[in-house]
$ cat model_36.pdb   # PDB, C-alpha atoms and all ligand atoms
ATOM      1  CA  MET A 360      12.961  15.289   9.643
ATOM      2  CA  LYS A 361      12.273  14.715  13.330
ATOM      3  CA  VAL A 362      11.262  11.257  14.489
ATOM      4  CA  ALA A 363      10.470   9.865  17.940
ATOM      5  CA  ARG A 364      12.107   6.516  18.678
ATOM      6  CA  PHE A 365      10.601   4.538  21.530
ATOM      7  CA  PHE A 366      12.546   2.254  23.858
ATOM      8  CA  ASN A 367      10.733   2.226  27.211
ATOM      9  CA  PRO A 368       8.655   4.752  29.180
ATOM     10  CA  GLU A 369      11.850   6.406  30.474
ATOM     11  CA  ARG A 370      13.617   6.440  27.126
ATOM     12  CA  ILE A 371      12.009   8.090  24.110
ATOM     13  CA  GLU A 372      14.425   9.870  21.785
ATOM     14  CA  ILE A 373      13.734  12.580  19.241
ATOM     15  CA  VAL A 374      16.219  12.063  16.428
ATOM     16  CA  GLU A 375      16.954  13.661  13.064
ATOM     17  CA  GLU A 376      16.551  11.228  10.130
ATOM     18  CA  PRO A 377      16.288  11.470   6.342
ATOM     19  CA  VAL A 378      12.794  11.910   4.885
ATOM     20  CA  PRO A 379      11.656   8.483   3.493
ATOM     21  CA  GLU A 380      12.000   7.919  -0.248
ATOM     22  CA  ILE A 381       8.955   6.709  -2.139
ATOM     23  CA  SER A 382       8.553   4.260  -5.048
ATOM     24  CA  PRO A 383       5.935   4.372  -7.828
ATOM     25  CA  GLY A 384       2.406   4.081  -6.408
ATOM     26  CA  GLU A 385       3.507   5.302  -2.999
ATOM     27  CA  VAL A 386       2.858   8.575  -1.221
ATOM     28  CA  LEU A 387       4.901  10.727   1.127
ATOM     29  CA  LEU A 388       2.708  12.183   3.855
ATOM     30  CA  ARG A 389       3.469  15.220   5.986
ATOM     31  CA  VAL A 390       2.065  14.102   9.319
ATOM     32  CA  GLU A 391      -0.064  16.817  10.926
ATOM     33  CA  ALA A 392      -1.451  14.812  13.828
ATOM     34  CA  CYS A 393      -0.943  11.414  15.424
ATOM     35  CA  GLY A 394      -2.950  10.038  18.340
ATOM     36  CA  LEU A 395      -1.442   8.126  21.231
ATOM     37  CA  CYS A 396      -3.118   4.737  21.590
ATOM     38  CA  GLY A 397      -3.351   2.247  24.457
ATOM     39  CA  THR A 398      -1.529  -0.264  22.263
ATOM     40  CA  ASP A 399       1.399   2.189  21.871
ATOM     41  CA  LEU A 400       1.664   2.303  25.668
ATOM     42  CA  PHE A 401       1.395  -1.493  25.858
ATOM     43  CA  LYS A 402       4.305  -1.880  23.410
ATOM     44  CA  LEU A 403       6.353   0.773  25.168
ATOM     45  CA  LYS A 404       5.964  -0.898  28.560
ATOM     46  CA  LYS A 405       7.025  -4.218  27.040
ATOM     47  CA  GLY A 406      10.079  -2.528  25.466
ATOM     48  CA  ALA A 407       9.793  -1.145  21.936
ATOM     49  CA  GLY A 408      13.482  -1.474  20.920
ATOM     50  CA  GLY A 409      13.720   1.941  19.259
ATOM     51  CA  LYS A 410      10.673   1.534  17.013
ATOM     52  CA  VAL A 411       8.676   4.535  15.829
ATOM     53  CA  LEU A 412       5.205   3.996  17.271
ATOM     54  CA  GLY A 413       1.994   5.778  16.296
ATOM     55  CA  HIS A 414      -0.721   4.591  13.920
ATOM     56  CA  GLU A 415      -3.601   7.059  14.362
ATOM     57  CA  VAL A 416      -2.458   9.357  11.619
ATOM     58  CA  SER A 417      -3.667  12.276   9.516
ATOM     59  CA  GLY A 418      -1.773  14.707   7.327
ATOM     60  CA  VAL A 419      -1.197  16.287   3.937
ATOM     61  CA  VAL A 420       0.131  14.534   0.846
ATOM     62  CA  GLU A 421       3.578  16.023   0.239
ATOM     63  CA  GLU A 422       4.658  13.985  -2.778
ATOM     64  CA  THR A 423       3.349  11.197  -5.014
ATOM     65  CA  LYS A 424       5.082   8.980  -7.562
ATOM     66  CA  GLY A 425       3.409   7.411 -10.604
ATOM     67  CA  ASN A 426      -0.337   6.893 -10.641
ATOM     68  CA  THR A 427      -2.032   7.158  -7.288
ATOM     69  CA  ARG A 428      -5.536   8.160  -6.250
ATOM     70  CA  LEU A 429      -4.031  11.002  -4.210
ATOM     71  CA  SER A 430      -2.405  14.274  -5.214
ATOM     72  CA  PRO A 431      -0.051  16.641  -3.388
ATOM     73  CA  GLY A 432      -2.020  18.881  -1.058
ATOM     74  CA  ASP A 433      -4.757  16.319  -0.294
ATOM     75  CA  ARG A 434      -5.699  16.163   3.388
ATOM     76  CA  VAL A 435      -6.039  12.527   4.378
ATOM     77  CA  PHE A 436      -6.556   9.914   7.046
ATOM     78  CA  VAL A 437      -4.304   6.874   6.585
ATOM     79  CA  ALA A 438      -4.841   3.311   7.836
ATOM     80  CA  HIS A 439      -1.627   1.571   8.855
ATOM     81  CA  HIS A 440      -2.750  -2.020   8.109
ATOM     82  CA  ILE A 441      -4.684  -3.143   5.020
ATOM     83  CA  PRO A 442      -6.505  -6.468   4.534
ATOM     84  CA  CYS A 443      -6.552  -8.212   1.129
ATOM     85  CA  PHE A 444     -10.358  -8.756   1.291
ATOM     86  CA  LEU A 445      -9.903 -12.140  -0.486
ATOM     87  CA  CYS A 446      -8.180 -14.630   1.806
ATOM     88  CA  HIS A 447      -9.649 -17.237   4.154
ATOM     89  CA  HIS A 448      -9.736 -14.792   7.099
ATOM     90  CA  CYS A 449     -10.989 -11.808   5.099
ATOM     91  CA  ARG A 450     -13.878 -13.856   3.665
ATOM     92  CA  ARG A 451     -14.955 -14.552   7.253
ATOM     93  CA  GLY A 452     -14.733 -10.899   8.209
ATOM     94  CA  ASN A 453     -11.616 -11.463  10.326
ATOM     95  CA  PHE A 454      -9.696  -8.784   8.481
ATOM     96  CA  SER A 455      -7.132  -8.238  11.214
ATOM     97  CA  LEU A 456      -6.005 -11.887  10.962
ATOM     98  CA  CYS A 457      -5.174 -11.482   7.244
ATOM     99  CA  SER A 458      -1.461 -11.908   6.494
ATOM    100  CA  LEU A 459      -1.442  -8.836   4.252
ATOM    101  CA  PHE A 460      -3.056  -6.858   7.086
ATOM    102  CA  GLN A 461      -0.322  -7.965   9.452
ATOM    103  CA  SER A 462       2.515  -7.233   7.020
ATOM    104  CA  THR A 463       1.451  -3.781   5.729
ATOM    105  CA  ASN A 464       2.445  -0.659   7.637
ATOM    106  CA  ILE A 465       3.314   2.993   7.333
ATOM    107  CA  HIS A 466       7.033   3.873   7.565
ATOM    108  CA  PRO A 467       8.616   4.631   9.915
ATOM    109  CA  GLY A 468       5.519   5.233  12.133
ATOM    110  CA  GLY A 469       3.121   8.035  13.013
ATOM    111  CA  PHE A 470       5.323   9.877  15.512
ATOM    112  CA  SER A 471       7.419  11.256  12.692
ATOM    113  CA  GLN A 472       7.280  14.414  10.581
ATOM    114  CA  TYR A 473       6.921  12.432   7.350
ATOM    115  CA  ILE A 474       5.819   8.901   6.553
ATOM    116  CA  ARG A 475       5.936   6.715   3.461
ATOM    117  CA  ILE A 476       2.549   5.193   2.632
ATOM    118  CA  PRO A 477       2.847   1.903   0.683
ATOM    119  CA  THR A 478       0.719   1.409  -2.460
ATOM    120  CA  GLN A 479      -1.784  -0.981  -0.817
ATOM    121  CA  ASN A 480      -2.480   1.549   1.947
ATOM    122  CA  VAL A 481      -2.768   4.402  -0.559
ATOM    123  CA  GLU A 482      -5.276   2.476  -2.658
ATOM    124  CA  LYS A 483      -7.444   0.898   0.051
ATOM    125  CA  GLY A 484      -6.724   2.689   3.294
ATOM    126  CA  THR A 485      -6.751   6.428   2.756
ATOM    127  CA  ILE A 486      -9.725   8.736   3.146
ATOM    128  CA  LYS A 487      -9.670  12.238   1.693
ATOM    129  CA  LEU A 488     -10.921  14.501   4.455
ATOM    130  CA  SER A 489     -13.717  16.974   4.080
ATOM    131  CA  PRO A 490     -12.669  20.526   5.096
ATOM    132  CA  THR A 491     -15.057  20.211   8.050
ATOM    133  CA  ILE A 492     -12.910  17.463   9.622
ATOM    134  CA  SER A 493      -9.780  18.678  11.419
ATOM    135  CA  PHE A 494      -6.528  16.711  11.449
ATOM    136  CA  ASP A 495      -6.954  16.114  15.174
ATOM    137  CA  GLU A 496     -10.452  14.770  14.657
ATOM    138  CA  ALA A 497      -9.268  12.514  11.818
ATOM    139  CA  THR A 498      -6.830  10.724  14.154
ATOM    140  CA  LEU A 499      -9.906   9.434  16.003
ATOM    141  CA  ILE A 500     -11.094   7.491  12.951
ATOM    142  CA  GLU A 501      -8.819   4.529  13.746
ATOM    143  CA  PRO A 502      -9.591   4.088  17.461
ATOM    144  CA  PHE A 503     -13.324   4.683  16.962
ATOM    145  CA  ALA A 504     -13.325   2.175  14.070
ATOM    146  CA  CYS A 505     -11.851  -0.512  16.365
ATOM    147  CA  VAL A 506     -14.651   0.104  18.867
ATOM    148  CA  TRP A 507     -17.284   0.140  16.100
ATOM    149  CA  ARG A 508     -16.028  -3.218  14.861
ATOM    150  CA  ASN A 509     -16.279  -4.613  18.382
ATOM    151  CA  LEU A 510     -19.899  -3.483  18.569
ATOM    152  CA  LYS A 511     -20.662  -5.084  15.208
ATOM    153  CA  ARG A 512     -19.281  -8.373  16.495
ATOM    154  CA  LEU A 513     -21.230  -8.089  19.754
ATOM    155  CA  SER A 514     -24.455  -7.079  17.950
ATOM    156  CA  PRO A 515     -26.159  -5.709  21.081
ATOM    157  CA  LEU A 516     -29.945  -5.490  21.236
ATOM    158  CA  PRO A 517     -31.706  -2.218  22.119
ATOM    159  CA  ASP A 518     -32.847  -3.473  25.534
ATOM    160  CA  ASP A 519     -29.498  -5.000  26.490
ATOM    161  CA  GLU A 520     -27.987  -3.808  29.737
ATOM    162  CA  ILE A 521     -24.312  -3.232  29.185
ATOM    163  CA  LEU A 522     -21.372  -2.691  31.521
ATOM    164  CA  ILE A 523     -18.173  -1.100  30.261
ATOM    165  CA  ILE A 524     -15.162  -1.714  32.490
ATOM    166  CA  GLY A 525     -12.505   1.000  32.177
ATOM    167  CA  ALA A 526     -13.316   4.647  31.429
ATOM    168  CA  GLY A 527     -10.245   5.430  29.331
ATOM    169  CA  PRO A 528     -10.589   6.507  25.684
ATOM    170  CA  ALA A 529     -11.744   3.038  24.525
ATOM    171  CA  GLY A 530     -14.371   2.750  27.266
ATOM    172  CA  ILE A 531     -15.726   6.229  26.589
ATOM    173  CA  MET A 532     -15.839   5.549  22.841
ATOM    174  CA  HIS A 533     -17.852   2.372  23.505
ATOM    175  CA  LEU A 534     -20.271   4.371  25.622
ATOM    176  CA  HIS A 535     -20.696   7.016  22.916
ATOM    177  CA  LEU A 536     -21.185   4.556  20.049
ATOM    178  CA  LEU A 537     -23.608   2.373  22.025
ATOM    179  CA  LYS A 538     -25.768   5.427  22.623
ATOM    180  CA  LEU A 539     -25.539   6.291  18.922
ATOM    181  CA  LYS A 540     -26.869   2.802  18.226
ATOM    182  CA  GLY A 541     -29.884   3.575  20.388
ATOM    183  CA  ILE A 542     -28.819   1.596  23.445
ATOM    184  CA  GLU A 543     -29.242   3.571  26.632
ATOM    185  CA  GLU A 544     -28.843   1.154  29.518
ATOM    186  CA  VAL A 545     -25.090   1.435  29.617
ATOM    187  CA  ASP A 546     -23.131   1.626  32.875
ATOM    188  CA  ILE A 547     -19.424   2.275  33.163
ATOM    189  CA  MET A 548     -17.065   1.065  35.884
ATOM    190  CA  GLU A 549     -13.731   2.678  36.646
ATOM    191  CA  ILE A 550     -11.208   2.498  39.493
ATOM    192  CA  LYS A 551      -9.918   6.077  39.225
ATOM    193  CA  LYS A 552     -12.040   8.894  40.577
ATOM    194  CA  GLU A 553     -10.893  11.452  37.969
ATOM    195  CA  ARG A 554     -11.895   9.121  35.166
ATOM    196  CA  ARG A 555     -15.275   8.393  36.738
ATOM    197  CA  LYS A 556     -15.868  12.136  36.826
ATOM    198  CA  MET A 557     -14.914  12.473  33.176
ATOM    199  CA  ALA A 558     -17.146   9.552  32.195
ATOM    200  CA  GLU A 559     -20.142  11.441  33.638
ATOM    201  CA  LYS A 560     -19.896  13.948  30.785
ATOM    202  CA  PHE A 561     -20.793  11.176  28.349
ATOM    203  CA  HIS A 562     -24.004  10.346  30.213
ATOM    204  CA  PRO A 563     -23.795   6.701  31.199
ATOM    205  CA  ARG A 564     -26.827   5.375  33.081
ATOM    206  CA  LYS A 565     -24.554   4.882  36.097
ATOM    207  CA  THR A 566     -20.888   5.375  36.862
ATOM    208  CA  LEU A 567     -19.573   2.713  39.208
ATOM    209  CA  SER A 568     -16.437   2.009  41.147
ATOM    210  CA  PRO A 569     -15.364  -1.649  41.562
ATOM    211  CA  GLN A 570     -16.034  -1.211  45.301
ATOM    212  CA  ASP A 571     -19.706  -0.471  44.738
ATOM    213  CA  ILE A 572     -21.554  -3.464  46.043
ATOM    214  CA  GLN A 573     -24.327  -4.175  43.641
ATOM    215  CA  GLU A 574     -26.037  -7.314  42.502
ATOM    216  CA  LYS A 575     -26.770  -5.981  39.041
ATOM    217  CA  LYS A 576     -25.969  -8.318  36.146
ATOM    218  CA  TYR A 577     -25.508  -7.403  32.509
ATOM    219  CA  ASP A 578     -26.230  -8.855  29.076
ATOM    220  CA  ILE A 579     -22.849  -7.642  27.844
ATOM    221  CA  CYS A 580     -19.669  -6.676  29.718
ATOM    222  CA  VAL A 581     -17.034  -4.919  27.637
ATOM    223  CA  VAL A 582     -13.599  -5.013  29.263
ATOM    224  CA  CYS A 583     -11.517  -2.023  28.195
ATOM    225  CA  ALA A 584      -8.807  -2.467  30.824
ATOM    226  CA  GLY A 585      -5.812  -4.681  30.088
ATOM    227  CA  ASN A 586      -5.741  -6.845  33.195
ATOM    228  CA  THR A 587      -7.224 -10.142  34.298
ATOM    229  CA  GLN A 588      -8.926  -8.663  37.380
ATOM    230  CA  ALA A 589     -11.041  -6.518  35.077
ATOM    231  CA  ILE A 590     -11.920  -9.576  32.986
ATOM    232  CA  GLY A 591     -12.867 -11.446  36.181
ATOM    233  CA  GLU A 592     -15.028  -8.510  37.207
ATOM    234  CA  GLY A 593     -16.816  -8.622  33.840
ATOM    235  CA  LEU A 594     -17.369 -12.361  34.080
ATOM    236  CA  LYS A 595     -18.830 -12.019  37.571
ATOM    237  CA  ARG A 596     -21.370  -9.480  36.415
ATOM    238  CA  LEU A 597     -22.742 -11.329  33.359
ATOM    239  CA  LYS A 598     -26.348 -12.478  33.154
ATOM    240  CA  LYS A 599     -27.083 -16.055  32.044
ATOM    241  CA  GLY A 600     -26.273 -16.329  28.347
ATOM    242  CA  GLY A 601     -24.398 -13.025  28.421
ATOM    243  CA  LYS A 602     -21.472 -11.926  26.304
ATOM    244  CA  LEU A 603     -18.033 -11.033  27.599
ATOM    245  CA  SER A 604     -16.033  -8.782  25.311
ATOM    246  CA  ILE A 605     -12.270  -8.532  25.786
ATOM    247  CA  PHE A 606     -11.211  -5.302  24.125
ATOM    248  CA  ALA A 607      -7.818  -4.668  25.752
ATOM    249  CA  GLN A 608      -4.705  -6.795  25.455
ATOM    250  CA  VAL A 609      -3.353  -8.252  28.713
ATOM    251  CA  PRO A 610       0.325  -9.017  29.441
ATOM    252  CA  GLU A 611       1.571 -12.193  27.736
ATOM    253  CA  GLY A 612       1.254 -15.354  29.790
ATOM    254  CA  SER A 613      -1.810 -14.111  31.709
ATOM    255  CA  SER A 614      -4.555 -16.591  32.453
ATOM    256  CA  ILE A 615      -8.069 -16.643  33.868
ATOM    257  CA  GLN A 616     -10.020 -19.491  35.397
ATOM    258  CA  VAL A 617     -13.342 -20.289  33.799
ATOM    259  CA  ASP A 618     -15.787 -23.062  34.622
ATOM    260  CA  PRO A 619     -16.449 -24.650  31.184
ATOM    261  CA  ASN A 620     -20.077 -25.102  32.199
ATOM    262  CA  LEU A 621     -20.413 -21.368  31.887
ATOM    263  CA  ILE A 622     -19.693 -21.716  28.172
ATOM    264  CA  TYR A 623     -21.849 -24.859  27.918
ATOM    265  CA  PHE A 624     -24.704 -22.787  29.324
ATOM    266  CA  GLU A 625     -24.221 -20.300  26.508
ATOM    267  CA  THR A 626     -22.002 -17.555  27.795
ATOM    268  CA  THR A 627     -20.145 -16.058  24.850
ATOM    269  CA  PHE A 628     -16.548 -14.812  24.934
ATOM    270  CA  LEU A 629     -15.677 -12.391  22.177
ATOM    271  CA  GLY A 630     -12.552 -10.472  21.343
ATOM    272  CA  THR A 631     -11.739  -7.952  18.687
ATOM    273  CA  TYR A 632      -8.482  -6.570  17.439
ATOM    274  CA  SER A 633      -8.103  -3.550  15.183
ATOM    275  CA  SER A 634     -10.427  -2.428  12.369
ATOM    276  CA  SER A 635     -10.743  -2.508   8.596
ATOM    277  CA  PRO A 636     -11.267   0.212   5.974
ATOM    278  CA  ILE A 637     -14.994  -0.596   6.169
ATOM    279  CA  GLU A 638     -15.391   0.526   9.787
ATOM    280  CA  GLN A 639     -13.005   3.432   9.210
ATOM    281  CA  ARG A 640     -15.239   4.722   6.426
ATOM    282  CA  GLU A 641     -18.340   4.282   8.585
ATOM    283  CA  ILE A 642     -16.760   6.277  11.418
ATOM    284  CA  TYR A 643     -15.619   8.975   9.010
ATOM    285  CA  ASN A 644     -19.192   9.263   7.738
ATOM    286  CA  LEU A 645     -20.524   9.518  11.301
ATOM    287  CA  MET A 646     -18.023  12.320  11.942
ATOM    288  CA  LYS A 647     -19.101  14.163   8.810
ATOM    289  CA  MET A 648     -22.719  13.843   9.955
ATOM    290  CA  GLY A 649     -21.714  15.443  13.255
ATOM    291  CA  LYS A 650     -22.506  12.315  15.300
ATOM    292  CA  ILE A 651     -18.948  12.107  16.632
ATOM    293  CA  LYS A 652     -17.356  15.392  17.608
ATOM    294  CA  GLY A 653     -13.601  15.099  17.923
ATOM    295  CA  LYS A 654     -13.223  17.890  20.441
ATOM    296  CA  ASP A 655     -15.319  15.982  22.988
ATOM    297  CA  PHE A 656     -12.740  13.209  23.117
ATOM    298  CA  ILE A 657      -9.408  15.031  22.731
ATOM    299  CA  THR A 658      -8.217  16.456  26.039
ATOM    300  CA  HIS A 659      -4.554  17.238  25.330
ATOM    301  CA  THR A 660      -2.281  18.081  22.400
ATOM    302  CA  PHE A 661       1.526  18.211  22.373
ATOM    303  CA  PRO A 662       4.240  19.018  19.840
ATOM    304  CA  LEU A 663       6.377  15.990  18.942
ATOM    305  CA  SER A 664       9.280  17.434  20.963
ATOM    306  CA  ARG A 665       7.179  16.916  24.116
ATOM    307  CA  ILE A 666       6.172  13.326  23.333
ATOM    308  CA  LYS A 667       7.552  12.129  26.663
ATOM    309  CA  GLU A 668       5.146  14.381  28.563
ATOM    310  CA  ALA A 669       2.320  13.078  26.387
ATOM    311  CA  VAL A 670       3.274   9.485  27.177
ATOM    312  CA  ASN A 671       3.595  10.162  30.912
ATOM    313  CA  LEU A 672       0.183  11.788  30.962
ATOM    314  CA  ALA A 673      -1.359   8.821  29.145
ATOM    315  CA  LEU A 674       0.369   6.330  31.457
ATOM    316  CA  GLU A 675      -0.993   8.187  34.462
ATOM    317  CA  GLY A 676      -4.456   7.818  32.924
ATOM    318  CA  ARG A 677      -6.215  10.331  35.146
ATOM    319  CA  ASP A 678      -7.813  13.417  33.626
ATOM    320  CA  SER A 679      -6.858  12.666  30.040
ATOM    321  CA  LEU A 680      -8.783  11.009  27.251
ATOM    322  CA  LYS A 681      -7.307  11.137  23.770
ATOM    323  CA  ILE A 682      -3.856  12.723  23.582
ATOM    324  CA  ILE A 683      -2.686  13.955  20.187
ATOM    325  CA  THR A 684       0.781  14.998  19.017
ATOM    326  CA  HIS A 685       1.568  17.467  16.264
ATOM    327  CA  PRO A 686       4.834  16.502  14.542
ATOM    328  CA  GLN A 687       5.097  19.781  12.619
ATOM    329  CA  ARG A 688       5.050  21.956  15.764
TER     330      ARG A 688
HETATM  331 ZN    ZN A 701      -5.058   2.742  17.990
HETATM  332 ZN    ZN A 702      -6.955 -11.225   3.639
END

$ encode --input "model_36.pdb" --output "structure tokens" --more "lines below"
Ligand SMILES: [Zn+2]
Ligand SMILES: [Zn+2]
Amino acid sequence: MKVARFFNPERIEIVEEPVPEISPGEVLLRVEACGLCGTDLFKLKKGAGGKVLGHEVSGVVEETKGNTRLSPGDRVFVAHHIPCFLCHHCRRGNFSLCSLFQSTNIHPGGFSQYIRIPTQNVEKGTIKLSPTISFDEATLIEPFACVWRNLKRLSPLPDDEILIIGAGPAGIMHLHLLKLKGIEEVDIMEIKKERRKMAEKFHPRKTLSPQDIQEKKYDICVVCAGNTQAIGEGLKRLKKGGKLSIFAQVPEGSSIQVDPNLIYFETTFLGTYSSSPIEQREIYNLMKMGKIKGKDFITHTFPLSRIKEAVNLALEGRDSLKIITHPQR
């Protein structure tokens, strides 16, 4: 089978490797689509050491062993990490801090023609797809679920004014889901002109550039750009008692300066990392109901052999939103 191994943005190799072997309870998946995520790019820029990236996966069950809830031919979405639902962190809803969550994964990774799905993931993290949901659309379950979880943690009120910083896929998904929740006073701020133009299609109240001088303050600022300037921008634009949401990872060793009085006077800082099968199911249901239409968010598709082009396009971050690869083509 063909697999993409990632080293750095200049070095991504397509190699031939044996199809993974499965043990009882496990499933072999033929990957039909895998989305490129901001976190894949983050890892690649840091140096990925030949790892197979990709975790926004959908495909067809090729083979099963022993008793599993799936059968060959099933079309599925697969979660790469699975919480135990029982530990200290899980009982507090912090599923992504669970040690099982952090140790489970698909093998070797989504940018591969086949993957082995461990038993835990088969049992708790797969969703059989309705025929109305395409493989491409199903890859959006994971990223949308992460955004949905962030919104649950932020619990915005209907009259909140919200600023999203960064109009990449995560920013646009926040905008879409906030509107689905009945919140309409949502502005989006973006440095790049092409992305501001694209954001317009999703009907924010206003699209702003960081240069726009405006005194407006917000109840919630969601930072979907992985740099400290963006976080500073969000902080500057918060109302008294507002909430700052950090949705994108920043380079290790970064720091920001905060006057502790800001926290004393009830500013809230909130982060969120990843999602659980609960949010994934909720997003899948919203898709089935037609509330999230995959084609609105997917701008480019590539065969696995052209993964480097896909990565370059995503790194450029101009007129692309979600970029999907098709390992079988
Ligand atoms: Zn992702
Ligand atoms: Zn747990």

$ resolve_selection --input "model_36.pdb" --expression "the PyMOL selection byres (((not hetatm)) within 12 of (chain A and resi 701))" --output "number ranges by chain"
A: 393-402, 412-416, 438-440, 469, 498-506, 528-529, 606-607, 632-634, 639, 681-683

$ closest_residue --input "model_36.pdb" --among "A:Cys449, A:Ser493, A:Ala363, A:Pro383" --to "Gly653 (chain A)" --atoms "all atoms listed in the file"
A:Ser493

$ residues_near_ligand --input "model_36.pdb" --ligand "ligand ZN 702 (chain A)" --cutoff "9 Å" --atoms "all atoms listed in the file" --output "ChimeraX atom specification"
/A:441-450,453-460

$ resolve_selection --input "model_36.pdb" --expression "the PyMOL selection byres (((chain A and resi 514) around 12) and not hetatm)" --output "PyMOL selection string"
chain A and resi 507-513+515-519+521+537+540+542+578-579+602+604+629

$ write_last_selection --input "model_36.pdb" --atoms "C-alpha atoms" --output "compact mmCIF listing (two decimals), in the frame of the given file"
# COMPACT_ATOMS: atom_id res chain seq x y z
CA TRP A 507 -17.28 0.14 16.10
CA ARG A 508 -16.03 -3.22 14.86
CA ASN A 509 -16.28 -4.61 18.38
CA LEU A 510 -19.90 -3.48 18.57
CA LYS A 511 -20.66 -5.08 15.21
CA ARG A 512 -19.28 -8.37 16.50
CA LEU A 513 -21.23 -8.09 19.75
CA PRO A 515 -26.16 -5.71 21.08
CA LEU A 516 -29.94 -5.49 21.24
CA PRO A 517 -31.71 -2.22 22.12
CA ASP A 518 -32.85 -3.47 25.53
CA ASP A 519 -29.50 -5.00 26.49
CA ILE A 521 -24.31 -3.23 29.18
CA LEU A 537 -23.61 2.37 22.02
CA LYS A 540 -26.87 2.80 18.23
CA ILE A 542 -28.82 1.60 23.44
CA ASP A 578 -26.23 -8.86 29.08
CA ILE A 579 -22.85 -7.64 27.84
CA LYS A 602 -21.47 -11.93 26.30
CA SER A 604 -16.03 -8.78 25.31
CA LEU A 629 -15.68 -12.39 22.18

$ closest_residue --input "model_36.pdb" --among "A:Lys556, A:His562, A:His533, A:Lys483" --to "Ser635 (chain A)" --atoms "all atoms listed in the file"
A:Lys483

$ atom_distance --input "model_36.pdb" --atom1 "CA of Phe628 (chain A)" --atom2 "CA of Leu603 (chain A)"
4.9 Å

$ residues_around --input "model_36.pdb" --residues "Ser679 (chain A)" --least-positions-apart "6" --cutoff "9 Å" --atoms "only C-alpha atoms" --output "NGL selection string"
:A and (527-528 or 553-554 or 557 or 657-659 or 672-673)

$ closest_residue --input "model_36.pdb" --among "A:Glu496, A:Leu403, A:Ser489, A:Leu645" --to "Phe366 (chain A)" --atoms "only C-alpha atoms"
A:Leu403

$ closest_residue --input "model_36.pdb" --among "A:Lys599, A:Arg370, A:Arg677, A:Arg475" --to "Leu621 (chain A)" --atoms "only C-alpha atoms"
A:Lys599

$ atom_distance --input "model_36.pdb" --atom1 "CA of Gly593 (chain A)" --atom2 "CA of Leu680 (chain A)"
22.2 Å
